[in-house]
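Enquirer: Have a look at the structure that comes next, please.
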Amino acid sequence: MKVTSSEIVISAVKPDQYPVEPMPEFALAGRSNVGKSSFINKMLNRKGLARISSKPGKTQTLNFYIVNEVLHFVDVPGYGYAKVSKKEREAWGKMLETYLTTREQLKAVLLIVDLRHPPTADDVMMYDFLKHYEIPCIVIATKADKISKMKRAQHLRITKETLDLHPHDTIIQFSSETGEGKDKAWETIQSYM
């Protein structure tokens with residue numbers, strides 16, 4: 001997909017704040033600091049659209065980005081960051097669960113993981129949650145450019161095994177530095193529209 005327009009439309013915390021347009025939505029989930037903002041910026045060809053923070057746990061709302069007036073990317077709060085109070089984490093969890101399990105426009109979740117490391121327990125829990133609720137999942141393995149071509153297959157295998165990746169789910173090696181995986185990510189997203 002050639003992105004010609006993209007902007008943030010709303011930051012929401014509850015269903016009555018979600019956009020009302022019936023266009024397809026793709027949520028981006030991942031632990032804090034995994035590169036969700038970099039992924040969004042690369043996919044939308046906009047350097048500073050999604051703010052990249054040096055402090056993990058910055059996203060505390062569901063941020064809806066409209067793309068080409070045909071779909072929404074929904075950036076959700078990162079998980080697994082300890083410096084947030086338990087009460088705040090529970091509130092985010094509830095907000096996220098409500099969105100993921102009730103939103104009719106949601107077509108798939110892009111689960112962002114770091115290819116350099118095995119998925120965390122939180123990544124596995126998120127993947128299991130998506131499988132339990134039968135929410136389609138596209139795994140985006142970021143920072144692929146940081147791993148030598150010779151070691152990539154091993155890292156991919158570890159990621160698939162750790163998540164116990166379902167054969168129907170796609171895993172895409174991605175680099176926000178080089179743009180590797182961008183076309184495949186768009187192709188996969190469009191297949192769910």
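Chain identifiers are assigned as A, B, and so on, following the order in which chains appear in the structure tokens; residues are numbered from 1 within each chain, and ligands are numbered from 1 in order of appearance.
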Please identify all polymer residues within 12 Å of Glu104 (chain A), counting only C-alpha atoms, omitting same-chain residues fewer than 4 positions from it, and present them as a list in words.

Expert: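 Counting only C-alpha atoms, the residues come to Pro15, Tyr18, Pro19, Val20, Glu21, Pro22, Met23, Pro24, Glu25, Phe26, Thr98, Tyr99, Leu100, Ala108 and Ile135 of chain A.
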
Enquirer: Please produce a file of the residues just selected, as a short mmCIF file (atom, residue, chain, number, x, y, z; two decimals), in the first residue's frame, where the atoms kept are all heavy atoms.

Expert:
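Done, and the output landed in again14.cif:
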```cif
data_model
loop_
_atom_site.label_atom_id
_atom_site.label_comp_id
_atom_site.auth_asym_id
_atom_site.auth_seq_id
_atom_site.Cartn_x
_atom_site.Cartn_y
_atom_site.Cartn_z
N PRO A 15 -14.81 2.83 25.14
CA PRO A 15 -15.48 2.61 23.85
C PRO A 15 -16.22 3.81 23.27
O PRO A 15 -16.22 3.99 22.05
CB PRO A 15 -16.45 1.47 24.16
CG PRO A 15 -15.78 0.70 25.25
CD PRO A 15 -15.08 1.74 26.10
N TYR A 18 -14.05 5.78 20.88
CA TYR A 18 -13.48 5.20 19.67
C TYR A 18 -14.09 5.89 18.44
O TYR A 18 -15.24 6.33 18.47
CB TYR A 18 -13.81 3.70 19.55
CG TYR A 18 -13.34 2.80 20.67
CD1 TYR A 18 -13.88 1.52 20.81
CD2 TYR A 18 -12.36 3.19 21.59
CE1 TYR A 18 -13.46 0.66 21.82
CE2 TYR A 18 -11.95 2.34 22.60
CZ TYR A 18 -12.50 1.08 22.71
OH TYR A 18 -12.09 0.23 23.71
N PRO A 19 -13.34 5.94 17.33
CA PRO A 19 -13.92 6.50 16.10
C PRO A 19 -15.16 5.72 15.68
O PRO A 19 -15.24 4.52 15.90
CB PRO A 19 -12.80 6.31 15.06
CG PRO A 19 -11.55 6.16 15.86
CD PRO A 19 -11.95 5.51 17.15
N VAL A 20 -16.11 6.42 15.08
CA VAL A 20 -17.37 5.76 14.70
C VAL A 20 -17.34 5.17 13.30
O VAL A 20 -18.17 4.34 12.95
CB VAL A 20 -18.60 6.72 14.85
CG1 VAL A 20 -18.84 7.05 16.29
CG2 VAL A 20 -18.41 7.98 14.02
N GLU A 21 -16.37 5.60 12.46
CA GLU A 21 -16.30 5.08 11.09
C GLU A 21 -16.14 3.56 11.11
O GLU A 21 -15.37 3.03 11.90
CB GLU A 21 -15.11 5.66 10.32
CG GLU A 21 -15.11 7.16 10.16
CD GLU A 21 -14.48 7.88 11.35
OE1 GLU A 21 -13.98 7.21 12.28
OE2 GLU A 21 -14.50 9.11 11.34
N PRO A 22 -16.84 2.86 10.19
CA PRO A 22 -16.78 1.40 10.18
C PRO A 22 -15.57 0.84 9.44
O PRO A 22 -15.63 -0.23 8.86
CB PRO A 22 -18.08 1.02 9.48
CG PRO A 22 -18.33 2.16 8.54
CD PRO A 22 -17.78 3.39 9.22
N MET A 23 -14.43 1.57 9.42
CA MET A 23 -13.29 1.06 8.65
C MET A 23 -12.48 0.05 9.45
O MET A 23 -12.50 0.04 10.68
CB MET A 23 -12.42 2.22 8.16
CG MET A 23 -11.87 3.14 9.20
SD MET A 23 -10.90 4.52 8.51
CE MET A 23 -12.10 5.47 7.65
N PRO A 24 -11.76 -0.85 8.75
CA PRO A 24 -10.98 -1.89 9.43
C PRO A 24 -9.89 -1.29 10.32
O PRO A 24 -9.31 -0.26 10.00
CB PRO A 24 -10.36 -2.70 8.29
CG PRO A 24 -10.59 -1.94 7.04
CD PRO A 24 -11.64 -0.93 7.29
N GLU A 25 -9.66 -1.98 11.44
CA GLU A 25 -8.65 -1.54 12.40
C GLU A 25 -7.63 -2.65 12.64
O GLU A 25 -7.97 -3.83 12.66
CB GLU A 25 -9.31 -1.16 13.73
CG GLU A 25 -10.16 0.09 13.61
CD GLU A 25 -10.93 0.45 14.85
OE1 GLU A 25 -10.82 -0.26 15.89
OE2 GLU A 25 -11.68 1.45 14.80
N PHE A 26 -6.39 -2.22 12.84
CA PHE A 26 -5.29 -3.13 13.12
C PHE A 26 -4.58 -2.61 14.37
O PHE A 26 -4.02 -1.51 14.34
CB PHE A 26 -4.33 -3.21 11.92
CG PHE A 26 -5.00 -3.82 10.72
CD1 PHE A 26 -5.73 -3.03 9.84
CD2 PHE A 26 -4.95 -5.19 10.50
CE1 PHE A 26 -6.39 -3.59 8.75
CE2 PHE A 26 -5.61 -5.76 9.42
CZ PHE A 26 -6.32 -4.96 8.54
N THR A 98 -11.06 -4.81 26.86
CA THR A 98 -12.35 -4.33 26.35
C THR A 98 -12.25 -4.06 24.86
O THR A 98 -13.09 -4.50 24.07
CB THR A 98 -12.79 -3.05 27.10
OG1 THR A 98 -12.92 -3.36 28.48
CG2 THR A 98 -14.10 -2.50 26.56
N TYR A 99 -11.20 -3.34 24.46
CA TYR A 99 -11.03 -3.02 23.04
C TYR A 99 -10.87 -4.30 22.21
O TYR A 99 -11.57 -4.50 21.21
CB TYR A 99 -9.83 -2.08 22.82
CG TYR A 99 -9.52 -1.91 21.35
CD1 TYR A 99 -10.33 -1.10 20.56
CD2 TYR A 99 -8.48 -2.60 20.75
CE1 TYR A 99 -10.11 -0.98 19.19
CE2 TYR A 99 -8.24 -2.48 19.38
CZ TYR A 99 -9.06 -1.67 18.61
OH TYR A 99 -8.83 -1.56 17.26
N LEU A 100 -9.95 -5.16 22.60
CA LEU A 100 -9.64 -6.34 21.79
C LEU A 100 -10.80 -7.32 21.68
O LEU A 100 -10.97 -7.97 20.66
CB LEU A 100 -8.42 -7.06 22.35
CG LEU A 100 -7.07 -6.33 22.26
CD1 LEU A 100 -5.98 -7.12 22.97
CD2 LEU A 100 -6.68 -6.06 20.82
N ALA A 108 -7.20 -7.55 12.89
CA ALA A 108 -6.05 -8.35 13.31
C ALA A 108 -5.21 -7.53 14.29
O ALA A 108 -5.29 -6.30 14.31
CB ALA A 108 -5.19 -8.75 12.11
N ILE A 135 -8.62 -13.99 17.75
CA ILE A 135 -8.30 -12.72 17.08
C ILE A 135 -7.10 -12.97 16.18
O ILE A 135 -6.06 -13.42 16.65
CB ILE A 135 -7.98 -11.62 18.13
CG1 ILE A 135 -9.18 -11.40 19.07
CG2 ILE A 135 -7.57 -10.31 17.43
CD1 ILE A 135 -8.86 -10.60 20.31
#
```

Enquirer: So which residues touch Ala50 (chain A) within 8 Å, counting only C-alpha atoms, skipping near sequence neighbours fewer than 6 positions away, as a list of chain:residue names?

Expert: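 My reading of the contact set: A:Ser37, A:Ser38, A:Ile40, A:Asn41.
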
Enquirer: Closest to Thr162 (chain A) among A:Gly35, A:Pro136, A:Gly179, A:Pro119, using only C-alpha atoms?

Expert: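 Of all the options, A:Pro119 lies closest to Thr162 (chain A).
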
Enquirer: Of the residues A:Lys151, A:Tyr192, A:Glu177, A:Ala29, which is the one nearest to Phe129 (chain A), using only C-alpha atoms?

Expert: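 The closest residue to Phe129 (chain A) is A:Ala29.
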
Enquirer: Check chain A with DSSP on the backbone and list each residue it calls helix (DSSP H, G or I), as number ranges by chain.

Expert: A: 15-17, 36-43, 86-102, 121-132, 144-146, 149-163, 182-191

Enquirer: Which residues, written as a CSV table (one decimal) with C-alpha atoms, in the first residue's frame, have at least one atom at most 10 Å from Asn45 (chain A), with only C-alpha atoms counted and residues fewer than 2 positions away on the same chain left out?

Expert:
```csv
chain,number,residue,atom,x,y,z
A,2,LYS,CA,1.3,3.4,-0.9
A,3,VAL,CA,0.5,5.7,2.1
A,4,THR,CA,-0.5,9.1,0.9
A,5,SER,CA,-2.1,10.4,4.1
A,6,SER,CA,-2.0,9.5,7.8
A,39,PHE,CA,7.2,0.5,13.2
A,40,ILE,CA,4.2,2.9,12.8
A,41,ASN,CA,6.4,5.8,11.6
A,42,LYS,CA,8.1,3.5,9.0
A,43,MET,CA,4.9,2.0,7.8
A,47,LYS,CA,9.1,10.3,10.9
A,48,GLY,CA,7.6,11.8,14.0
A,49,LEU,CA,3.9,10.8,13.8
```

Enquirer: Which residue out of A:Val34, A:Ile189, A:Met126, A:Leu156 has the minimum interatomic distance to Thr142 (chain A) when only C-alpha atoms are used?

Expert: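 Nearest to Thr142 (chain A): A:Val34.
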
Enquirer: From region 48-180 of chain A, collect each residue whose DSSP state is strand (DSSP E or B) and return the set as a PyMOL selection string.

Expert: chain A and resi 62-67+71-75+79+106-114+137-142+170-173
